[in-house]
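Enquirer: Below is one structure. I have some questions about it.
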Amino acid sequence: MKVDRFYNRVAETMDRSEIRRIQEKRLRQTVAWAYERVPFYRRKLEERGLTPEDIRGLDDLQRLPFTTKDELRTLYPYGALAVPTSEIVEIHATSGTTGTPTLGFYTSNDIEAWAEVAARSLTMAGIAKDDVFQITPSFGMFTGGFGFYHGARKIGAMIIPTGAGFSRRQIQYMIDFGTTAVCAVVSYILRLTETAREMGIDPARDTKVRKGIFGSEMWTTEMKKKISQIWDMDVYDIYGFTELCGPGVANDCYIHDGLHVWEDHFLVEVVDPRTGEVLEPEERGELVFTTLTKEAAPLLRYRCRDISYIYDAAVCECGRTHRRLGWISGRIDDMIKVSGVSVWPSQVESVLLQHPEVGQEYQIIVTRQEGLDRLKIVVESRHKLEKHEADRMALKLAKNLRDALMTSVEVSVVDPMSLPRQEVGKAKRVIDERGV
Ligand SMILES: [Zn+2]
């Protein structure tokens, strides 16, 4: 559906030259702020013989050093702060499943900026004051719940802050309160779909939900199409991560061709993940962000480990002038090397979902047998199948996967609902049993 509303039309449609002017001014301010207030950045700049005066504009950006996730971990908990803790009003953290968590800090102005970009993103997805908006990501250290909350507060939508879990109650609330818009971690909307069906509820027929905004996990165009059909809703993709701000860094418009990144708040580059060399538009690599308005913990050239690219064309039919990112195809950490071949979970999902009989969940399992890597995909069928039907489907999927991944794959098809589900947080679909 065409959505031609803006939350902040002036900011969202300003000329490219104006965006550049704002970025240059804010970059100079951010570098000076970081240098003067964060000893970690002062040291990094000094190591390069730089002072804030050396960074006059965007052309000097590449002179600045990168910041990595590992460096941020060494600053845990308060080493990245540019303000006293008394100025901090909110703190968030990554799940820390891969080590020390990394943190996001917010001053009052930072919350205001986060709410602004989240409100732009939600408005872009058609969410307005008259919507009943159910927020299913958790309200906790994860940025999801609060990010949507701050944005929706600005818009004035009626917020149903369910947070994560209790899926049957979520569905009941959807019906009782007449929820019209929902946000979720991608795998959780799939979980809600199953729950609705278990309760004998057809999401398209029996609920009023017609707008959905999902993110926080890699997902494919095929998955978007599937969710959109089941719920009869417009599906939007939102992007963000803890260290920058949660949901609201970028979002797709009704054209559904890439994610507009709010360039007056975030400066984005794409680099070769191995060499750090800056890549051209349309070249896929690691996203690197510099914050332009963050007070609490500014970040210079932060390598966020997500893989995507920047669109070459600036102007979009929706009227927004902020450049677009391609769909996030995964995180560097998600890439699996199988016998020397790089396999992305997104490639696997893309192939699986082209098959109409594929159900909700799948797992990618890598093992090593007699010194050889083996890739196995376990996938649920949509309906319960006879053994010979399941075997036939497995053979077909194995062939299609081999053609796409250029490596041999063993597939087994299992009954619907037989793989584990995640009630809270992100799905774990890759299991590497090779050890280290
Ligand atoms: Zn657009």
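Every chain in the structure tokens takes a letter, A first, then B, and so on in the order presented; its residues are numbered from 1, and the ligands are numbered from 1 following the presented order.
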Find the residues near ligand 1. Use a cut-off of 8 Å, count only C-alpha atoms and all ligand atoms, and write them as a PyMOL selection string.
Expert: chain A and resi 252-260+315-321+324
Enquirer: Output N, CA and C atoms for every residue in the selection just made, as an mmCIF file, in the first residue's frame.
Expert:
```
data_model
loop_
_atom_site.group_PDB
_atom_site.id
_atom_site.type_symbol
_atom_site.label_atom_id
_atom_site.label_comp_id
_atom_site.auth_asym_id
_atom_site.auth_seq_id
_atom_site.Cartn_x
_atom_site.Cartn_y
_atom_site.Cartn_z
ATOM 1 N N ASP A 252 12.637 0.410 5.418
ATOM 2 C CA ASP A 252 12.215 0.523 4.020
ATOM 3 C C ASP A 252 10.909 1.303 3.905
ATOM 4 N N CYS A 253 10.747 1.951 2.741
ATOM 5 C CA CYS A 253 9.521 2.710 2.485
ATOM 6 C C CYS A 253 8.568 1.809 1.695
ATOM 7 N N TYR A 254 7.429 2.358 1.245
ATOM 8 C CA TYR A 254 6.435 1.500 0.586
ATOM 9 C C TYR A 254 6.910 0.962 -0.768
ATOM 10 N N ILE A 255 7.980 1.525 -1.292
ATOM 11 C CA ILE A 255 8.530 1.000 -2.553
ATOM 12 C C ILE A 255 9.212 -0.349 -2.291
ATOM 13 N N HIS A 256 9.607 -0.574 -1.053
ATOM 14 C CA HIS A 256 10.267 -1.820 -0.627
ATOM 15 C C HIS A 256 11.506 -2.142 -1.454
ATOM 16 N N ASP A 257 12.311 -1.132 -1.666
ATOM 17 C CA ASP A 257 13.544 -1.345 -2.428
ATOM 18 C C ASP A 257 14.687 -0.716 -1.626
ATOM 19 N N GLY A 258 15.183 -1.433 -0.653
ATOM 20 C CA GLY A 258 16.271 -0.928 0.177
ATOM 21 C C GLY A 258 15.773 -0.171 1.400
ATOM 22 N N LEU A 259 16.670 0.077 2.345
ATOM 23 C CA LEU A 259 16.329 0.721 3.622
ATOM 24 C C LEU A 259 16.917 2.132 3.671
ATOM 25 N N HIS A 260 16.064 3.135 3.820
ATOM 26 C CA HIS A 260 16.564 4.510 3.957
ATOM 27 C C HIS A 260 17.286 4.634 5.300
ATOM 28 N N VAL A 315 17.891 9.264 -5.070
ATOM 29 C CA VAL A 315 16.479 9.626 -4.989
ATOM 30 C C VAL A 315 15.605 8.378 -5.077
ATOM 31 N N CYS A 316 14.561 8.383 -4.273
ATOM 32 C CA CYS A 316 13.619 7.259 -4.259
ATOM 33 C C CYS A 316 12.254 7.816 -4.633
ATOM 34 N N GLU A 317 11.427 6.997 -5.224
ATOM 35 C CA GLU A 317 10.086 7.446 -5.639
ATOM 36 C C GLU A 317 9.246 7.966 -4.477
ATOM 37 N N CYS A 318 9.565 7.518 -3.262
ATOM 38 C CA CYS A 318 8.772 7.946 -2.095
ATOM 39 C C CYS A 318 9.053 9.406 -1.745
ATOM 40 N N GLY A 319 10.120 9.984 -2.330
ATOM 41 C CA GLY A 319 10.435 11.394 -2.073
ATOM 42 C C GLY A 319 11.554 11.595 -1.065
ATOM 43 N N ARG A 320 11.924 10.543 -0.368
ATOM 44 C CA ARG A 320 13.004 10.690 0.622
ATOM 45 C C ARG A 320 14.351 10.737 -0.093
ATOM 46 N N THR A 321 15.233 11.536 0.476
ATOM 47 C CA THR A 321 16.532 11.728 -0.174
ATOM 48 C C THR A 321 17.659 11.000 0.565
ATOM 49 N N ARG A 324 19.836 4.663 0.513
ATOM 50 C CA ARG A 324 19.319 3.363 0.936
ATOM 51 C C ARG A 324 20.430 2.336 1.074
#
```
Enquirer: What are the DSSP helix (DSSP H, G or I) residues of range 68-132 of chain A, as an NGL selection string?
Expert: :A and (69-74 or 85-87 or 108-124)
Enquirer: Which residues are near range 49-65 of chain A? Cut-off 8 Å, only C-alpha atoms, ignore same chain within fewer than 4 positions. Put them as number ranges by chain.
Expert: A: 23-25, 27-28, 31-32, 35, 44-45, 300-301
Enquirer: Take the selection from the previous step and output its residues with C-alpha atoms, as a compact mmCIF listing (two decimals), in the first residue's frame.
Expert:
```
# COMPACT_ATOMS: atom_id res chain seq x y z
CA GLN A 23 26.89 15.74 8.02
CA GLU A 24 30.11 17.75 7.71
CA LYS A 25 29.16 20.06 10.54
CA LEU A 27 31.10 15.09 11.95
CA ARG A 28 33.42 17.91 13.07
CA VAL A 31 35.15 14.13 16.44
CA ALA A 32 35.88 17.03 18.77
CA TYR A 35 38.54 13.54 21.37
CA LYS A 44 43.46 6.54 18.96
CA LEU A 45 43.58 9.90 17.21
CA LEU A 300 33.76 6.86 15.04
CA ARG A 301 33.75 4.49 12.08
```
Enquirer: Which residues come within 12 Å of Glu295 in chain A, counting only C-alpha atoms, excluding same-chain residues fewer than 5 positions away, as a PyMOL selection string?
Expert: chain A and resi 26+29-34+37-38+80-85+87-89+104-114+244+265
Enquirer: Just to be explicit: take each residue in the selection above, keep N, CA and C atoms, and write the result as a PDB file, in the first residue's frame.
Expert:
```
ATOM      1  N   ARG A  26      28.234  18.133  11.676  1.00  0.00           N
ATOM      2  CA  ARG A  26      28.073  17.215  12.814  1.00  0.00           C
ATOM      3  C   ARG A  26      29.270  16.274  12.957  1.00  0.00           C
ATOM      4  N   GLN A  29      31.820  18.199  14.878  1.00  0.00           N
ATOM      5  CA  GLN A  29      31.424  18.282  16.303  1.00  0.00           C
ATOM      6  C   GLN A  29      31.650  16.952  17.018  1.00  0.00           C
ATOM      7  N   THR A  30      31.298  15.854  16.346  1.00  0.00           N
ATOM      8  CA  THR A  30      31.410  14.534  16.972  1.00  0.00           C
ATOM      9  C   THR A  30      32.867  14.169  17.236  1.00  0.00           C
ATOM     10  N   VAL A  31      33.724  14.457  16.264  1.00  0.00           N
ATOM     11  CA  VAL A  31      35.148  14.127  16.436  1.00  0.00           C
ATOM     12  C   VAL A  31      35.716  14.932  17.613  1.00  0.00           C
ATOM     13  N   ALA A  32      35.376  16.200  17.680  1.00  0.00           N
ATOM     14  CA  ALA A  32      35.883  17.034  18.768  1.00  0.00           C
ATOM     15  C   ALA A  32      35.346  16.543  20.120  1.00  0.00           C
ATOM     16  N   TRP A  33      34.080  16.199  20.140  1.00  0.00           N
ATOM     17  CA  TRP A  33      33.421  15.704  21.368  1.00  0.00           C
ATOM     18  C   TRP A  33      34.110  14.419  21.861  1.00  0.00           C
ATOM     19  N   ALA A  34      34.352  13.496  20.923  1.00  0.00           N
ATOM     20  CA  ALA A  34      34.972  12.209  21.282  1.00  0.00           C
ATOM     21  C   ALA A  34      36.414  12.426  21.763  1.00  0.00           C
ATOM     22  N   ARG A  37      36.501  14.160  25.252  1.00  0.00           N
ATOM     23  CA  ARG A  37      35.824  13.557  26.408  1.00  0.00           C
ATOM     24  C   ARG A  37      36.044  12.053  26.582  1.00  0.00           C
ATOM     25  N   VAL A  38      36.524  11.373  25.545  1.00  0.00           N
ATOM     26  CA  VAL A  38      36.707   9.914  25.678  1.00  0.00           C
ATOM     27  C   VAL A  38      38.195   9.596  25.498  1.00  0.00           C
ATOM     28  N   ALA A  80      33.482   3.980  27.389  1.00  0.00           N
ATOM     29  CA  ALA A  80      33.157   4.669  26.132  1.00  0.00           C
ATOM     30  C   ALA A  80      32.378   5.959  26.368  1.00  0.00           C
ATOM     31  N   LEU A  81      32.107   6.274  27.629  1.00  0.00           N
ATOM     32  CA  LEU A  81      31.249   7.431  27.921  1.00  0.00           C
ATOM     33  C   LEU A  81      31.945   8.773  27.704  1.00  0.00           C
ATOM     34  N   ALA A  82      31.177   9.698  27.108  1.00  0.00           N
ATOM     35  CA  ALA A  82      31.668  11.061  26.930  1.00  0.00           C
ATOM     36  C   ALA A  82      31.007  12.004  27.920  1.00  0.00           C
ATOM     37  N   VAL A  83      30.136  11.482  28.763  1.00  0.00           N
ATOM     38  CA  VAL A  83      29.429  12.316  29.746  1.00  0.00           C
ATOM     39  C   VAL A  83      29.479  11.610  31.098  1.00  0.00           C
ATOM     40  N   PRO A  84      29.270  12.354  32.199  1.00  0.00           N
ATOM     41  CA  PRO A  84      29.194  11.683  33.505  1.00  0.00           C
ATOM     42  C   PRO A  84      27.982  10.753  33.560  1.00  0.00           C
ATOM     43  N   THR A  85      28.042   9.707  34.374  1.00  0.00           N
ATOM     44  CA  THR A  85      26.915   8.766  34.428  1.00  0.00           C
ATOM     45  C   THR A  85      25.620   9.453  34.873  1.00  0.00           C
ATOM     46  N   GLU A  87      24.401  11.964  33.646  1.00  0.00           N
ATOM     47  CA  GLU A  87      23.701  12.451  32.442  1.00  0.00           C
ATOM     48  C   GLU A  87      23.010  11.326  31.673  1.00  0.00           C
ATOM     49  N   ILE A  88      23.319  10.072  32.030  1.00  0.00           N
ATOM     50  CA  ILE A  88      22.732   8.932  31.312  1.00  0.00           C
ATOM     51  C   ILE A  88      21.337   8.664  31.846  1.00  0.00           C
ATOM     52  N   VAL A  89      20.376   8.498  30.913  1.00  0.00           N
ATOM     53  CA  VAL A  89      19.016   8.204  31.362  1.00  0.00           C
ATOM     54  C   VAL A  89      18.564   6.788  30.984  1.00  0.00           C
ATOM     55  N   GLY A 104      24.860   0.262  24.862  1.00  0.00           N
ATOM     56  CA  GLY A 104      24.393   1.495  24.249  1.00  0.00           C
ATOM     57  C   GLY A 104      23.957   2.419  25.367  1.00  0.00           C
ATOM     58  N   PHE A 105      24.423   3.677  25.328  1.00  0.00           N
ATOM     59  CA  PHE A 105      24.093   4.637  26.387  1.00  0.00           C
ATOM     60  C   PHE A 105      23.327   5.805  25.784  1.00  0.00           C
ATOM     61  N   TYR A 106      22.424   6.369  26.562  1.00  0.00           N
ATOM     62  CA  TYR A 106      21.614   7.479  26.065  1.00  0.00           C
ATOM     63  C   TYR A 106      21.493   8.586  27.092  1.00  0.00           C
ATOM     64  N   THR A 107      21.791   9.801  26.644  1.00  0.00           N
ATOM     65  CA  THR A 107      21.419  10.967  27.436  1.00  0.00           C
ATOM     66  C   THR A 107      19.974  11.291  27.066  1.00  0.00           C
ATOM     67  N   SER A 108      19.428  12.277  27.715  1.00  0.00           N
ATOM     68  CA  SER A 108      18.076  12.692  27.387  1.00  0.00           C
ATOM     69  C   SER A 108      17.967  13.119  25.907  1.00  0.00           C
ATOM     70  N   ASN A 109      18.966  13.850  25.418  1.00  0.00           N
ATOM     71  CA  ASN A 109      18.948  14.252  24.004  1.00  0.00           C
ATOM     72  C   ASN A 109      19.086  13.044  23.077  1.00  0.00           C
ATOM     73  N   ASP A 110      19.857  12.050  23.514  1.00  0.00           N
ATOM     74  CA  ASP A 110      20.010  10.839  22.687  1.00  0.00           C
ATOM     75  C   ASP A 110      18.688  10.083  22.558  1.00  0.00           C
ATOM     76  N   ILE A 111      17.926  10.050  23.654  1.00  0.00           N
ATOM     77  CA  ILE A 111      16.609   9.390  23.599  1.00  0.00           C
ATOM     78  C   ILE A 111      15.706  10.156  22.634  1.00  0.00           C
ATOM     79  N   GLU A 112      15.798  11.488  22.689  1.00  0.00           N
ATOM     80  CA  GLU A 112      14.997  12.329  21.803  1.00  0.00           C
ATOM     81  C   GLU A 112      15.338  12.032  20.331  1.00  0.00           C
ATOM     82  N   ALA A 113      16.635  11.907  20.046  1.00  0.00           N
ATOM     83  CA  ALA A 113      17.062  11.618  18.673  1.00  0.00           C
ATOM     84  C   ALA A 113      16.616  10.210  18.253  1.00  0.00           C
ATOM     85  N   TRP A 114      16.726   9.274  19.168  1.00  0.00           N
ATOM     86  CA  TRP A 114      16.300   7.896  18.878  1.00  0.00           C
ATOM     87  C   TRP A 114      14.800   7.862  18.576  1.00  0.00           C
ATOM     88  N   LEU A 244      24.476   1.616  18.327  1.00  0.00           N
ATOM     89  CA  LEU A 244      24.147   2.860  17.618  1.00  0.00           C
ATOM     90  C   LEU A 244      22.885   3.443  18.246  1.00  0.00           C
ATOM     91  N   HIS A 265      21.683  11.647  11.148  1.00  0.00           N
ATOM     92  CA  HIS A 265      22.095  11.128  12.457  1.00  0.00           C
ATOM     93  C   HIS A 265      23.225  10.099  12.364  1.00  0.00           C
TER      94      HIS A 265
END
```
Enquirer: Show me, as a ChimeraX atom specification, the residues that have an atom within 9 Å of Phe266 in chain A when counting only C-alpha atoms, minus same-chain residues fewer than 6 positions from it.
Expert: /A:23,244,249,289-293
Enquirer: Tell me, counting only C-alpha atoms, for each residue of range 205-300 of chain A within 10 Å of range 11-18 of chain A, which pair of atoms is nearest and how far apart they are in Å to one decimal, in rows ordered by chain and increasing number, as a tab-separated table.
Expert:
```
residue	atom	partner	partner_atom	distance
A:His260	CA	A:Glu12	CA	9.5
A:Trp262	CA	A:Glu12	CA	8.0
A:Glu263	CA	A:Glu12	CA	9.3
A:Asp264	CA	A:Ala11	CA	8.0
```
Enquirer: With only C-alpha atoms counted and 12 Å as the cut-off, give the residues of range 263-353 of chain A in contact with range 210-215 of chain A, each with its shortest interatomic distance in Å and the pair that gives it, as CSV.
Expert:
```
residue,atom,partner,partner_atom,distance
A:Trp327,CA,A:Gly215,CA,10.8
A:Ile328,CA,A:Gly215,CA,9.9
A:Gly330,CA,A:Gly215,CA,11.9
```
Enquirer: Might you pull out every residue within 6 Å of Ser138 in chain A, with only C-alpha atoms counted and same-chain residues fewer than 2 positions away left off, and present them as a PyMOL selection string?
Expert: chain A and resi 140+145+163-164
Enquirer: Neighbouring residues of Asn400 in chain A were defined as those with any atom within 10 Å, considering only C-alpha atoms; residues of the same chain fewer than 5 positions away were excluded. Please report them as a list of chain:residue names.
Expert: A:Val348, A:Val351, A:Leu352, A:Gln354, A:His355, A:Ala394, A:Leu395, A:Leu405, A:Met406, A:Val409
Enquirer: Please write the residues from the selection above to a file, keeping N, CA and C atoms, as a PDB file, in the first residue's frame.
Expert:
```pdb
ATOM      1  N   VAL A 348      20.583 -20.165   2.098  1.00  0.00           N
ATOM      2  CA  VAL A 348      19.848 -21.393   2.395  1.00  0.00           C
ATOM      3  C   VAL A 348      18.357 -21.090   2.504  1.00  0.00           C
ATOM      4  N   VAL A 351      16.577 -20.452  -0.835  1.00  0.00           N
ATOM      5  CA  VAL A 351      16.282 -21.662  -1.615  1.00  0.00           C
ATOM      6  C   VAL A 351      15.118 -22.425  -0.980  1.00  0.00           C
ATOM      7  N   LEU A 352      15.168 -22.586   0.317  1.00  0.00           N
ATOM      8  CA  LEU A 352      14.123 -23.371   0.996  1.00  0.00           C
ATOM      9  C   LEU A 352      12.734 -22.781   0.757  1.00  0.00           C
ATOM     10  N   GLN A 354      11.561 -21.120  -1.572  1.00  0.00           N
ATOM     11  CA  GLN A 354      10.998 -21.171  -2.927  1.00  0.00           C
ATOM     12  C   GLN A 354      10.171 -22.440  -3.115  1.00  0.00           C
ATOM     13  N   HIS A 355      10.319 -23.369  -2.169  1.00  0.00           N
ATOM     14  CA  HIS A 355       9.582 -24.622  -2.250  1.00  0.00           C
ATOM     15  C   HIS A 355       8.289 -24.485  -1.439  1.00  0.00           C
ATOM     16  N   ALA A 394      13.135 -34.020   0.137  1.00  0.00           N
ATOM     17  CA  ALA A 394      14.519 -33.823   0.599  1.00  0.00           C
ATOM     18  C   ALA A 394      15.496 -33.879  -0.578  1.00  0.00           C
ATOM     19  N   LEU A 395      15.267 -34.830  -1.479  1.00  0.00           N
ATOM     20  CA  LEU A 395      16.160 -34.952  -2.643  1.00  0.00           C
ATOM     21  C   LEU A 395      16.114 -33.702  -3.511  1.00  0.00           C
ATOM     22  N   LEU A 405      24.523 -23.257  -3.594  1.00  0.00           N
ATOM     23  CA  LEU A 405      25.635 -23.075  -2.653  1.00  0.00           C
ATOM     24  C   LEU A 405      26.965 -23.579  -3.197  1.00  0.00           C
ATOM     25  N   MET A 406      26.903 -24.351  -4.273  1.00  0.00           N
ATOM     26  CA  MET A 406      28.105 -24.927  -4.889  1.00  0.00           C
ATOM     27  C   MET A 406      28.828 -25.875  -3.925  1.00  0.00           C
ATOM     28  N   VAL A 409      24.999 -30.977  -0.058  1.00  0.00           N
ATOM     29  CA  VAL A 409      24.168 -30.755   1.126  1.00  0.00           C
ATOM     30  C   VAL A 409      23.296 -31.978   1.346  1.00  0.00           C
TER      31      VAL A 409
END
```
Enquirer: DSSP on the backbone, strand (DSSP E or B) only: what residues of range 215-269 of chain A does that give? Format it as a list in words.
Expert: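 Answer for range 215-269 of chain A restricted to strand (DSSP E or B) is Gly215, Asp234, Val235, Tyr236, Asp237, Ile238, Tyr239, Gly240, Phe241, Cys245, Gly246, Pro247, Gly248, Val249, Ala250, Asn251, Asp252, Leu259, His260, Val261, Phe266, Leu267, Val268 and Glu269 of chain A.
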Enquirer: Let me make sure I understand: among A:Ala118, A:Leu419, A:Val132, A:Ile377, which one has the smallest atom-to-atom distance to Thr179 in chain A if we use only C-alpha atoms?
Expert: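 The closest residue to Thr179 in chain A is A:Val132.
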Enquirer: For a test of reading the model, state the distance in Å between CA of Thr221 in chain A and CA of Leu325 in chain A, rounded to one decimal.
Expert: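 The value is 14.7 Å.
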Enquirer: Compare A:Lys69, A:Tyr78, A:Glu36, A:Glu243 by their minimum atom-to-atom distance to Arg305 in chain A, counting only C-alpha atoms, and give me the closest one.
Expert: A:Lys69
Enquirer: Using only C-alpha atoms, which of the listed residues (A:Ala314, A:Thr180, A:Pro247, A:Ser308) sits closest to Asp130 in chain A?
Expert: A:Thr180
Enquirer: Which one is closest to Asp70 in chain A: A:Arg429, A:His322, A:Arg303, A:Arg402? Count only C-alpha atoms.
Expert: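 Smallest separation from Asp70 in chain A among the options: A:Arg303.
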Enquirer: If you measure from CA of Thr207 in chain A to CA of Met174 in chain A, what distance in Å do you get, rounded to one decimal?
Expert: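 Separation between CA of Thr207 in chain A and CA of Met174 in chain A: 6.8 Å.
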Enquirer: Check the smallest atom-to-atom distance from each of A:Asp403, A:Gly326, A:Arg284, A:Ile230 to Val271 in chain A using only C-alpha atoms, then report the winner.
Expert: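 The shortest atom-to-atom distance to Val271 in chain A comes from A:Arg284.
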